[in-house]
>>> print(open('model13.txt').read())   # compact mmCIF, C-alpha atoms and all ligand atoms
# COMPACT_ATOMS: atom_id res chain seq x y z
CA MET A 185 7.80 51.54 90.28
CA THR A 186 5.23 53.04 92.60
CA ILE A 187 1.57 52.89 91.64
CA ARG A 188 0.21 56.27 92.60
CA VAL A 189 -3.30 57.25 93.52
CA TRP A 190 -3.37 59.55 90.48
CA ASP A 191 -1.10 59.88 87.48
CA TYR A 192 -1.56 61.85 84.26
CA LEU A 193 1.45 60.64 82.31
CA ALA A 194 -0.24 57.68 80.58
CA GLU A 195 -3.10 59.92 79.54
CA TYR A 196 -0.68 62.56 78.28
CA ASP A 197 1.10 59.90 76.26
CA THR A 198 -2.12 59.18 74.35
CA GLU A 199 -3.25 62.80 74.10
CA ARG A 200 0.08 64.52 73.58
CA GLU A 201 -0.70 65.74 70.07
CA SER A 202 -4.01 67.27 71.02
CA ILE A 203 -2.59 68.96 74.15
CA LEU A 204 0.44 70.41 72.38
CA GLU A 205 -1.74 71.57 69.50
CA ALA A 206 -3.91 73.40 72.04
CA VAL A 207 -0.86 75.14 73.47
CA THR A 208 0.37 76.12 69.99
CA THR A 209 -3.08 77.37 68.99
CA VAL A 210 -3.05 79.80 71.92
CA PHE A 211 0.56 80.86 71.52
CA GLU A 212 -0.05 81.67 67.86
CA SER A 213 -3.42 83.38 68.43
CA GLY A 214 -2.03 86.77 69.42
CA GLN A 215 -4.32 86.90 72.47
CA LEU A 216 -3.01 85.38 75.70
CA ILE A 217 -5.61 86.56 78.22
CA LEU A 218 -9.43 86.31 77.94
CA GLY A 219 -9.38 85.58 74.24
CA GLN A 220 -11.13 83.21 71.88
CA SER A 221 -10.23 80.01 73.78
CA VAL A 222 -11.78 81.16 77.07
CA ARG A 223 -14.86 82.46 75.24
CA GLU A 224 -15.32 79.23 73.30
CA PHE A 225 -14.70 77.02 76.33
CA GLU A 226 -17.23 79.02 78.34
CA ARG A 227 -19.80 78.59 75.58
CA GLU A 228 -19.12 74.86 75.26
CA TYR A 229 -19.05 74.16 78.99
CA ALA A 230 -22.34 76.02 79.53
CA ALA A 231 -23.85 74.07 76.61
CA TYR A 232 -22.64 70.73 78.04
CA HIS A 233 -24.73 71.57 81.09
CA GLY A 234 -27.66 73.04 79.20
CA MET A 235 -27.07 76.27 81.15
CA ARG A 236 -26.97 79.84 79.84
CA HIS A 237 -23.59 80.93 81.16
CA CYS A 238 -20.17 79.79 82.21
CA VAL A 239 -17.50 82.15 83.52
CA GLY A 240 -13.95 80.78 83.54
CA VAL A 241 -11.86 81.58 86.60
CA ASP A 242 -8.38 80.72 87.79
CA ASN A 243 -9.15 77.81 90.13
CA GLY A 244 -11.94 76.03 91.98
CA THR A 245 -11.40 77.86 95.25
CA ASN A 246 -12.03 81.16 93.52
CA ALA A 247 -14.97 79.63 91.65
CA VAL A 248 -16.60 79.07 95.07
CA LEU A 249 -15.48 82.48 96.37
CA LEU A 250 -16.60 84.48 93.34
CA GLY A 251 -19.73 82.34 93.07
CA LEU A 252 -20.70 83.36 96.61
CA GLU A 253 -19.87 87.02 96.03
CA ALA A 254 -21.77 87.06 92.74
CA LEU A 255 -24.79 85.69 94.58
CA GLY A 256 -24.54 88.57 97.05
CA ILE A 257 -23.03 86.64 99.96
CA GLY A 258 -20.62 88.54 102.19
CA PRO A 259 -19.74 89.58 105.74
CA GLY A 260 -22.40 88.76 108.32
CA ASP A 261 -23.92 85.99 106.22
CA GLU A 262 -23.91 82.32 107.17
CA VAL A 263 -23.33 79.59 104.61
CA ILE A 264 -24.32 76.02 105.48
CA THR A 265 -21.95 73.35 104.21
CA VAL A 266 -20.05 70.25 105.36
CA SER A 267 -16.77 69.72 107.15
CA ASN A 268 -16.09 66.52 105.19
CA THR A 269 -14.83 68.38 102.14
CA ALA A 270 -11.63 69.72 100.65
CA ALA A 271 -10.59 72.64 102.87
CA PRO A 272 -10.79 75.10 99.91
CA THR A 273 -14.61 74.94 100.03
CA VAL A 274 -14.43 76.51 103.47
CA VAL A 275 -11.45 78.75 102.73
CA ALA A 276 -13.58 80.28 99.96
CA ILE A 277 -16.54 80.94 102.28
CA ASP A 278 -14.14 82.60 104.69
CA GLY A 279 -12.58 84.55 101.81
CA ALA A 280 -15.98 85.97 100.93
CA GLY A 281 -16.19 87.25 104.52
CA ALA A 282 -19.09 84.90 105.33
CA THR A 283 -19.31 82.38 108.17
CA PRO A 284 -19.26 78.66 107.40
CA VAL A 285 -21.79 76.59 109.36
CA PHE A 286 -21.27 72.84 109.27
CA VAL A 287 -23.74 69.99 109.23
CA ASP A 288 -22.69 66.35 109.50
CA VAL A 289 -22.54 63.89 106.60
CA ARG A 290 -24.41 60.62 106.14
CA ASP A 291 -22.85 57.29 106.93
CA GLN A 292 -24.15 55.76 103.69
CA ASP A 293 -22.43 58.03 101.15
CA TYR A 294 -20.37 60.53 103.22
CA LEU A 295 -22.36 63.44 101.73
CA MET A 296 -24.25 66.31 103.39
CA ASP A 297 -26.96 65.05 105.74
CA THR A 298 -29.79 67.14 104.34
CA ASP A 299 -32.01 66.16 107.29
CA ALA A 300 -29.67 68.18 109.52
CA VAL A 301 -29.81 71.39 107.48
CA GLU A 302 -33.06 72.94 108.71
CA ALA A 303 -31.87 72.97 112.33
CA ALA A 304 -28.74 74.86 111.25
CA ILE A 305 -30.68 77.70 109.59
CA THR A 306 -30.64 81.01 111.49
CA PRO A 307 -31.82 84.51 110.52
CA ARG A 308 -28.27 85.10 109.18
CA THR A 309 -28.27 82.08 106.87
CA LYS A 310 -28.08 83.20 103.25
CA ALA A 311 -26.78 80.23 101.30
CA LEU A 312 -26.62 76.45 101.16
CA LEU A 313 -23.39 75.04 99.78
CA PRO A 314 -23.73 71.32 99.04
CA VAL A 315 -20.49 69.58 98.04
CA HIS A 316 -20.94 66.77 95.51
CA LEU A 317 -18.03 64.94 97.08
CA TYR A 318 -16.00 62.10 95.57
CA GLY A 319 -18.09 62.08 92.38
CA GLN A 320 -21.73 61.77 93.40
CA CYS A 321 -24.39 64.32 94.19
CA VAL A 322 -25.94 65.46 97.44
CA ASP A 323 -29.68 64.84 97.75
CA MET A 324 -30.83 68.12 96.21
CA ALA A 325 -34.63 68.01 96.53
CA PRO A 326 -34.72 68.76 100.29
CA LEU A 327 -32.24 71.61 99.80
CA GLY A 328 -34.42 73.13 97.09
CA THR A 329 -37.43 73.03 99.40
CA LEU A 330 -35.49 74.62 102.29
CA ALA A 331 -34.00 77.30 100.02
CA GLU A 332 -37.43 78.28 98.80
CA ARG A 333 -38.99 78.26 102.26
CA HIS A 334 -36.21 80.33 103.87
CA GLY A 335 -35.23 82.54 100.90
CA LEU A 336 -31.73 81.07 100.51
CA VAL A 337 -29.52 80.69 97.48
CA ILE A 338 -27.79 77.44 96.55
CA LEU A 339 -24.21 77.26 95.30
CA GLU A 340 -23.19 73.74 94.28
CA ASP A 341 -19.55 72.78 94.81
CA CYS A 342 -18.99 70.57 91.76
CA ALA A 343 -15.19 70.42 91.99
CA GLN A 344 -15.36 66.63 92.26
CA ALA A 345 -18.45 65.91 90.19
CA HIS A 346 -18.06 66.92 86.53
CA GLY A 347 -20.65 64.94 84.58
CA ALA A 348 -22.23 63.32 87.65
CA LEU A 349 -25.99 62.82 87.35
CA HIS A 350 -28.64 63.12 90.04
CA HIS A 351 -32.06 61.82 89.05
CA GLY A 352 -31.01 62.54 85.47
CA GLN A 353 -29.80 66.09 86.14
CA LEU A 354 -26.16 67.07 85.79
CA ALA A 355 -24.23 68.30 88.81
CA GLY A 356 -24.07 72.05 88.46
CA THR A 357 -27.58 72.51 87.07
CA MET A 358 -29.58 72.28 90.29
CA GLY A 359 -28.63 75.44 92.21
CA ASP A 360 -28.45 79.17 91.54
CA ALA A 361 -24.82 78.79 90.50
CA SER A 362 -22.20 76.07 90.63
CA ALA A 363 -18.45 76.07 91.09
CA PHE A 364 -16.06 73.76 89.23
CA SER A 365 -12.34 73.11 89.62
CA PHE A 366 -10.17 71.97 86.74
CA TYR A 367 -7.23 71.09 88.97
CA PRO A 368 -5.29 68.42 87.04
CA THR A 369 -6.55 65.44 89.08
CA LYS A 370 -10.20 66.32 88.49
CA VAL A 371 -12.61 64.39 86.27
CA LEU A 372 -12.13 67.25 83.82
CA GLY A 373 -8.64 68.48 84.58
CA ALA A 374 -6.43 71.14 83.00
CA TYR A 375 -2.63 71.05 82.84
CA GLY A 376 -2.44 73.49 85.73
CA ASP A 377 -4.99 75.44 87.74
CA GLY A 378 -8.40 76.38 86.40
CA GLY A 379 -12.01 76.75 87.44
CA ALA A 380 -15.43 77.97 86.33
CA VAL A 381 -18.80 79.05 87.59
CA VAL A 382 -21.91 77.94 85.73
CA THR A 383 -25.25 79.73 86.08
CA SER A 384 -28.33 80.58 84.08
CA ASP A 385 -28.84 83.87 85.91
CA ASP A 386 -27.81 86.89 83.80
CA THR A 387 -27.10 89.13 86.82
CA VAL A 388 -24.94 86.51 88.51
CA MET A 389 -23.05 86.06 85.23
CA ARG A 390 -22.43 89.81 84.93
CA ASN A 391 -21.29 89.94 88.56
CA LEU A 392 -18.87 87.08 87.93
CA ARG A 393 -17.34 88.69 84.84
CA ARG A 394 -16.77 91.88 86.81
CA LEU A 395 -15.47 90.11 89.92
CA ARG A 396 -12.87 88.06 88.01
CA TYR A 397 -11.60 91.18 86.25
CA TYR A 398 -10.61 93.48 89.14
CA GLY A 399 -14.20 94.71 89.44
CA MET A 400 -14.24 96.38 86.03
CA GLU A 401 -17.19 96.20 83.71
CA ASP A 402 -18.15 98.14 80.62
CA VAL A 403 -15.83 101.05 81.12
CA TYR A 404 -12.38 99.64 80.73
CA TYR A 405 -10.00 100.64 83.57
CA VAL A 406 -12.84 101.78 85.83
CA VAL A 407 -13.54 99.66 88.89
CA GLN A 408 -17.24 99.55 89.78
CA THR A 409 -16.75 97.55 92.98
CA PRO A 410 -13.35 96.11 93.86
CA GLY A 411 -13.00 92.54 92.61
CA HIS A 412 -10.18 90.10 91.95
CA ASN A 413 -7.76 89.05 89.27
CA SER A 414 -9.20 85.59 88.80
CA ARG A 415 -9.23 84.77 85.10
CA LEU A 416 -9.09 81.35 83.45
CA ASP A 417 -5.92 81.17 81.39
CA GLU A 418 -6.20 80.85 77.59
CA VAL A 419 -3.88 77.85 77.47
CA HIS A 420 -5.91 75.89 79.99
CA ALA A 421 -9.17 76.91 78.32
CA GLU A 422 -7.96 75.56 74.97
CA ILE A 423 -6.76 72.31 76.57
CA LEU A 424 -10.08 72.02 78.42
CA ARG A 425 -12.01 72.52 75.16
CA ARG A 426 -10.35 69.44 73.74
CA LYS A 427 -10.68 67.44 76.94
CA LEU A 428 -14.36 68.36 77.30
CA ARG A 429 -15.05 66.41 74.08
CA ARG A 430 -13.60 63.37 75.85
CA LEU A 431 -15.28 63.95 79.22
CA ASP A 432 -17.85 61.19 78.78
CA ASP A 433 -15.04 58.78 77.85
CA TYR A 434 -13.06 59.75 80.95
CA ILE A 435 -16.13 59.09 83.07
CA ALA A 436 -16.71 55.72 81.39
CA GLY A 437 -13.05 54.88 82.09
CA ARG A 438 -13.44 55.78 85.78
CA ARG A 439 -16.60 53.68 86.04
CA ALA A 440 -14.77 50.72 84.51
CA VAL A 441 -11.99 51.05 87.11
CA ALA A 442 -14.60 51.25 89.88
CA ALA A 443 -16.40 48.16 88.57
CA ARG A 444 -13.12 46.22 88.53
CA TYR A 445 -12.42 47.17 92.15
CA ALA A 446 -15.95 46.19 93.16
CA GLU A 447 -15.56 42.81 91.47
CA GLY A 448 -12.03 42.15 92.74
CA LEU A 449 -12.80 43.11 96.34
CA ALA A 450 -16.43 42.02 96.76
CA ASP A 451 -15.64 38.93 98.83
CA VAL A 452 -13.30 40.73 101.26
CA THR A 453 -15.76 43.43 102.27
CA GLY A 454 -18.13 43.44 105.18
CA PRO A 455 -19.38 45.45 108.13
CA GLY A 456 -16.53 46.36 110.46
CA GLY A 457 -14.06 45.52 107.68
CA LEU A 458 -13.50 46.94 104.22
CA VAL A 459 -16.39 49.06 102.96
CA LEU A 460 -16.52 50.00 99.27
CA PRO A 461 -18.22 53.16 97.94
CA SER A 462 -21.98 52.95 97.79
CA VAL A 463 -23.93 54.74 95.09
CA THR A 464 -27.05 56.38 96.43
CA ALA A 465 -30.29 55.72 94.53
CA GLY A 466 -30.77 58.33 91.80
CA ASN A 467 -27.04 59.04 91.49
CA GLU A 468 -24.69 58.21 88.63
CA HIS A 469 -21.25 58.34 90.21
CA VAL A 470 -18.21 59.63 88.28
CA TYR A 471 -15.62 58.30 90.79
CA TYR A 472 -13.39 61.34 91.12
CA VAL A 473 -11.84 59.35 93.94
CA TYR A 474 -12.49 55.75 94.95
CA VAL A 475 -12.97 56.09 98.70
CA VAL A 476 -13.04 52.94 100.79
CA ARG A 477 -13.21 52.58 104.53
CA HIS A 478 -11.61 50.32 107.14
CA PRO A 479 -11.07 50.76 110.91
CA GLU A 480 -7.39 49.80 110.48
CA ARG A 481 -6.82 52.30 107.69
CA ASP A 482 -3.40 53.54 108.85
CA THR A 483 -1.94 50.01 109.05
CA ILE A 484 -3.30 49.21 105.59
CA ILE A 485 -1.77 52.33 104.03
CA GLU A 486 1.58 51.59 105.66
CA ARG A 487 1.63 47.95 104.50
CA MET A 488 0.51 48.84 100.95
CA LYS A 489 3.66 50.97 100.65
CA GLY A 490 5.62 47.72 100.91
CA TYR A 491 3.95 46.65 97.64
CA GLY A 492 4.92 49.91 95.94
CA ILE A 493 1.38 51.27 96.18
CA SER A 494 0.84 54.77 97.47
CA LEU A 495 -2.65 55.53 98.78
CA ASN A 496 -4.28 58.78 99.78
CA ILE A 497 -6.81 60.09 102.29
CA SER A 498 -9.57 62.50 101.27
CA TYR A 499 -9.59 63.90 103.94
CA PRO A 500 -7.68 63.00 107.08
CA TRP A 501 -8.64 66.11 109.10
CA PRO A 502 -12.20 67.43 109.12
CA VAL A 503 -12.17 71.14 108.40
CA HIS A 504 -13.91 72.07 111.67
CA THR A 505 -11.01 70.55 113.64
CA MET A 506 -8.32 72.53 111.81
CA THR A 507 -6.49 75.23 113.76
CA GLY A 508 -7.24 77.72 110.96
CA PHE A 509 -10.94 77.40 111.74
CA ALA A 510 -10.71 77.25 115.54
CA HIS A 511 -12.38 80.68 115.68
CA LEU A 512 -15.62 79.08 114.44
CA GLY A 513 -15.91 77.45 117.86
CA TYR A 514 -16.49 73.81 116.87
CA ARG A 515 -15.32 71.09 119.22
CA LYS A 516 -14.36 67.50 118.71
CA GLY A 517 -17.54 65.43 118.88
CA ASP A 518 -19.71 68.07 117.17
CA LEU A 519 -19.84 66.16 113.86
CA PRO A 520 -19.50 62.51 114.85
CA VAL A 521 -19.93 60.85 111.43
CA THR A 522 -17.45 63.24 109.79
CA GLU A 523 -14.93 62.69 112.57
CA ARG A 524 -15.22 58.90 112.53
CA LEU A 525 -14.86 58.79 108.75
CA ALA A 526 -11.70 60.89 108.85
CA GLY A 527 -10.00 58.09 110.79
CA GLU A 528 -11.18 55.28 108.49
CA ILE A 529 -11.38 56.41 104.88
CA PHE A 530 -8.70 56.08 102.22
CA SER A 531 -8.58 56.19 98.45
CA LEU A 532 -7.40 53.58 95.97
CA PRO A 533 -5.68 54.61 92.73
CA MET A 534 -8.31 56.01 90.37
CA TYR A 535 -7.91 57.63 86.97
CA PRO A 536 -9.23 56.60 83.57
CA SER A 537 -5.83 55.61 82.19
CA LEU A 538 -4.99 53.34 85.15
CA ARG A 539 -3.70 50.14 83.54
CA LYS A 540 -5.58 46.93 84.27
CA ASP A 541 -2.43 45.10 85.37
CA ASP A 542 -1.59 47.92 87.79
CA GLN A 543 -5.12 47.86 89.14
CA ASP A 544 -4.89 44.10 89.58
CA LYS A 545 -1.68 44.61 91.59
CA VAL A 546 -3.58 47.00 93.86
CA ILE A 547 -6.43 44.53 94.30
CA SER A 548 -4.19 41.57 95.09
CA ALA A 549 -1.95 43.61 97.43
CA LEU A 550 -4.98 44.91 99.30
CA ARG A 551 -6.40 41.39 99.60
CA GLU A 552 -3.10 40.16 101.03
CA VAL A 553 -2.84 43.05 103.48
CA LEU A 554 -6.43 42.51 104.65
CA SER A 555 -5.72 38.82 105.25
CA THR A 556 -2.88 39.73 107.61
CA LEU A 557 -4.93 42.05 109.85
C1 LIG B 601 -14.73 69.98 96.84
C2 LIG B 601 -13.69 70.95 96.39
N1 LIG B 601 -13.97 72.27 96.42
C3 LIG B 601 -13.07 73.19 96.01
C4 LIG B 601 -11.84 72.82 95.53
C5 LIG B 601 -10.86 73.88 95.15
O1 LIG B 601 -10.40 73.73 93.83
P1 LIG B 601 -8.95 74.26 93.41
O2 LIG B 601 -7.95 73.30 93.94
O3 LIG B 601 -9.02 74.24 91.91
O4 LIG B 601 -8.79 75.62 93.95
C6 LIG B 601 -11.51 71.46 95.47
C7 LIG B 601 -10.20 71.02 94.95
O5 LIG B 601 -9.31 70.68 95.65
C8 LIG B 601 -12.44 70.50 95.92
O6 LIG B 601 -12.17 69.19 95.87
>>> encode(input="model13.txt", output="structure tokens")
Amino acid sequence: MTIRVWDYLAEYDTERESILEAVTTVFESGQLILGQSVREFEREYAAYHGMRHCVGVDNGTNAVLLGLEALGIGPGDEVITVSNTAAPTVVAIDGAGATPVFVDVRDQDYLMDTDAVEAAITPRTKALLPVHLYGQCVDMAPLGTLAERHGLVILEDCAQAHGALHHGQLAGTMGDASAFSFYPTKVLGAYGDGGAVVTSDDTVMRNLRRLRYYGMEDVYYVVQTPGHNSRLDEVHAEILRRKLRRLDDYIAGRRAVAARYAEGLADVTGPGGLVLPSVTAGNEHVYYVYVVRHPERDTIIERMKGYGISLNISYPWPVHTMTGFAHLGYRKGDLPVTERLAGEIFSLPMYPSLRKDDQDKVISALREVLSTL
């Protein structure tokens, strides 16, 4: 049996009744699109964040895309973000017709280097798009100051940071709007695709509702400005409602897995060797992924396969080096920390229902592999 980096089957085993009841509730409701379940989930998810609005959409990529459009970002505008992210962050900026501008990440936590942002601002810059990657938040205070000084909006990419705290504030409550993904692997995951945008701005909320529904508003069947078909599905909304009540337990489960890794691997770490995730002061990490680092990453991954353990890399190719973004004109060497990380990082199995004995197998296999290098 392979131990995978993520698996939902154990969780489904425990939650089967609740999940199937959610599906039945929707199927028997008589309303399959934008009904009671989406409305209730939106209300509950906004309330979880202490925000005024949540608009459910069909996935996280479109949450970023519609979030940008709802904030008035479009062709000719520059959006400052990072290249060490899931490619969809950047695909969404491109989809909105805007131009992504990359800054490097920090060596300490692999997140946006906020000291590098000011130099990247031009007269065309309209938005800052911090990505709360791996489960902890970008340093938001400097971004707030820059946004105010230069008249920029902030869209938080929270696809990997549901429930993460930054100086006591939840991810998704520190910008003008924030985009979430409910892709099944996420800290709050649906049983298929899903996403949402959270905001306290009434205009942005109205824009989002219109944009996800072809561009139609009050007058049914009349498009005000062309939009998208980008609705959160009722079934996923109802499942998410039930899972939202367990979100804090999922996070506690992830933290327990992280603590066990830290304990089991503490004495085999060191500079130039295995580096475990570091939590930046002020952050409460939710461990969407447990990203470690080692210069001989590829050998380790290969040898771990021999123990029936399949590891993952988030992400092996920085976005600015991808052929699909060659037109942006970045060259190798432009973002040195991002590029070095891409060759060294890998992720250990991480999900709340990961069994202790499986995790112990991962720890002992990794220790053995490290001792052979
Ligand atoms: C940081 C980040 N942004 C955006 C997305 C896009 O989300 P989705 O896969 O739901 O479209 C993801 C998910 O892969 C992500 O990790």
>>> residues_near_ligand(input="model13.txt", ligand="ligand LIG 601 (chain B)", cutoff="6 Å", atoms="all atoms listed in the file", output="number ranges by chain")
A: 243-245, 269-270, 272-273, 315, 341, 343-344, 365-367, 377-379
>>> closest_residue(input="model13.txt", among="A:Ser213, A:Tyr472, A:Val285, A:Arg394", to="Cys342 in chain A", atoms="only C-alpha atoms")
A:Tyr472
>>> closest_residue(input="model13.txt", among="A:Leu249, A:Leu339, A:Ile485, A:Met400", to="Thr383 in chain A", atoms="all atoms listed in the file")
A:Leu339
>>> residues_around(input="model13.txt", residues="Phe211 in chain A", least_positions_apart="5", cutoff="12 Å", atoms="all atoms listed in the file", output="ChimeraX atom specification")
/A:204-206,216-217,219-221,417-420,422
>>> residues_around(input="model13.txt", residues="Leu250 in chain A", least_positions_apart="2", cutoff="10 Å", atoms="all atoms listed in the file", output="list of chain:residue names")
A:Val241, A:Gly244, A:Thr245, A:Asn246, A:Ala247, A:Val248, A:Leu252, A:Glu253, A:Ala254, A:Leu255, A:Gly256, A:Ile257, A:Ala276, A:Ile277, A:Gly279, A:Ala280, A:Ala363, A:Ala380, A:Val381, A:Val388, A:Asn391, A:Leu392, A:Arg393, A:Arg394, A:Leu395, A:Arg396, A:Gly411, A:His412, A:Ser414
>>> write_last_selection(input="model13.txt", atoms="C-alpha atoms", output="CSV table (one decimal), keeping the file's coordinate frame")
chain,number,residue,atom,x,y,z
A,241,VAL,CA,-11.9,81.6,86.6
A,244,GLY,CA,-11.9,76.0,92.0
A,245,THR,CA,-11.4,77.9,95.2
A,246,ASN,CA,-12.0,81.2,93.5
A,247,ALA,CA,-15.0,79.6,91.6
A,248,VAL,CA,-16.6,79.1,95.1
A,252,LEU,CA,-20.7,83.4,96.6
A,253,GLU,CA,-19.9,87.0,96.0
A,254,ALA,CA,-21.8,87.1,92.7
A,255,LEU,CA,-24.8,85.7,94.6
A,256,GLY,CA,-24.5,88.6,97.0
A,257,ILE,CA,-23.0,86.6,100.0
A,276,ALA,CA,-13.6,80.3,100.0
A,277,ILE,CA,-16.5,80.9,102.3
A,279,GLY,CA,-12.6,84.6,101.8
A,280,ALA,CA,-16.0,86.0,100.9
A,363,ALA,CA,-18.4,76.1,91.1
A,380,ALA,CA,-15.4,78.0,86.3
A,381,VAL,CA,-18.8,79.0,87.6
A,388,VAL,CA,-24.9,86.5,88.5
A,391,ASN,CA,-21.3,89.9,88.6
A,392,LEU,CA,-18.9,87.1,87.9
A,393,ARG,CA,-17.3,88.7,84.8
A,394,ARG,CA,-16.8,91.9,86.8
A,395,LEU,CA,-15.5,90.1,89.9
A,396,ARG,CA,-12.9,88.1,88.0
A,411,GLY,CA,-13.0,92.5,92.6
A,412,HIS,CA,-10.2,90.1,92.0
A,414,SER,CA,-9.2,85.6,88.8
>>> residues_around(input="model13.txt", residues="range 370-372 of chain A", least_positions_apart="5", cutoff="10 Å", atoms="all atoms listed in the file", output="count of residues only")
25
>>> closest_atom_pairs(input="model13.txt", of="range 213-302 of chain A", to="range 443-467 of chain A", cutoff="12 Å", atoms="all atoms listed in the file", output="CSV")
residue,atom,partner,partner_atom,distance
A:Arg290,CA,A:Thr464,CA,10.9
A:Asp291,CA,A:Ser462,CA,10.2
A:Gln292,CA,A:Ser462,CA,6.9
A:Asp293,CA,A:Ser462,CA,6.1
A:Tyr294,CA,A:Pro461,CA,9.3
A:Leu295,CA,A:Thr464,CA,10.0
>>> residues_around(input="model13.txt", residues="range 194-196 of chain A", least_positions_apart="6", cutoff="9 Å", atoms="only C-alpha atoms", output="PDB file with C-alpha atoms, in the frame of the given file")
ATOM      1  CA  ILE A 203      -2.590  68.960  74.150  1.00  0.00           C
ATOM      2  CA  PRO A 536      -9.230  56.600  83.570  1.00  0.00           C
ATOM      3  CA  SER A 537      -5.830  55.610  82.190  1.00  0.00           C
ATOM      4  CA  LEU A 538      -4.990  53.340  85.150  1.00  0.00           C
ATOM      5  CA  ARG A 539      -3.700  50.140  83.540  1.00  0.00           C
TER       6      ARG A 539
END
>>> closest_residue(input="model13.txt", among="A:Asp482, A:Glu224, A:Glu332, A:Glu340", to="His237 in chain A", atoms="all atoms listed in the file")
A:Glu224
>>> closest_residue(input="model13.txt", among="A:Gly234, A:Pro502, A:Gly359, A:Gly240", to="Ala526 in chain A", atoms="all atoms listed in the file")
A:Pro502
>>> atom_distance(input="model13.txt", atom1="CA of Gly399 in chain A", atom2="CA of Phe225 in chain A")
22.0 Å
>>> atom_distance(input="model13.txt", atom1="CA of Leu557 in chain A", atom2="CA of Arg481 in chain A")
10.6 Å
>>> atom_distance(input="model13.txt", atom1="CA of Leu416 in chain A", atom2="CA of Pro368 in chain A")
13.9 Å
>>> closest_residue(input="model13.txt", among="A:Ser384, A:Thr483, A:Thr265, A:Gln408", to="Gly356 in chain A", atoms="all atoms listed in the file")
A:Ser384
>>> closest_residue(input="model13.txt", among="A:Leu349, A:Thr186, A:Ala230, A:His478", to="Ile493 in chain A", atoms="all atoms listed in the file")
A:Thr186
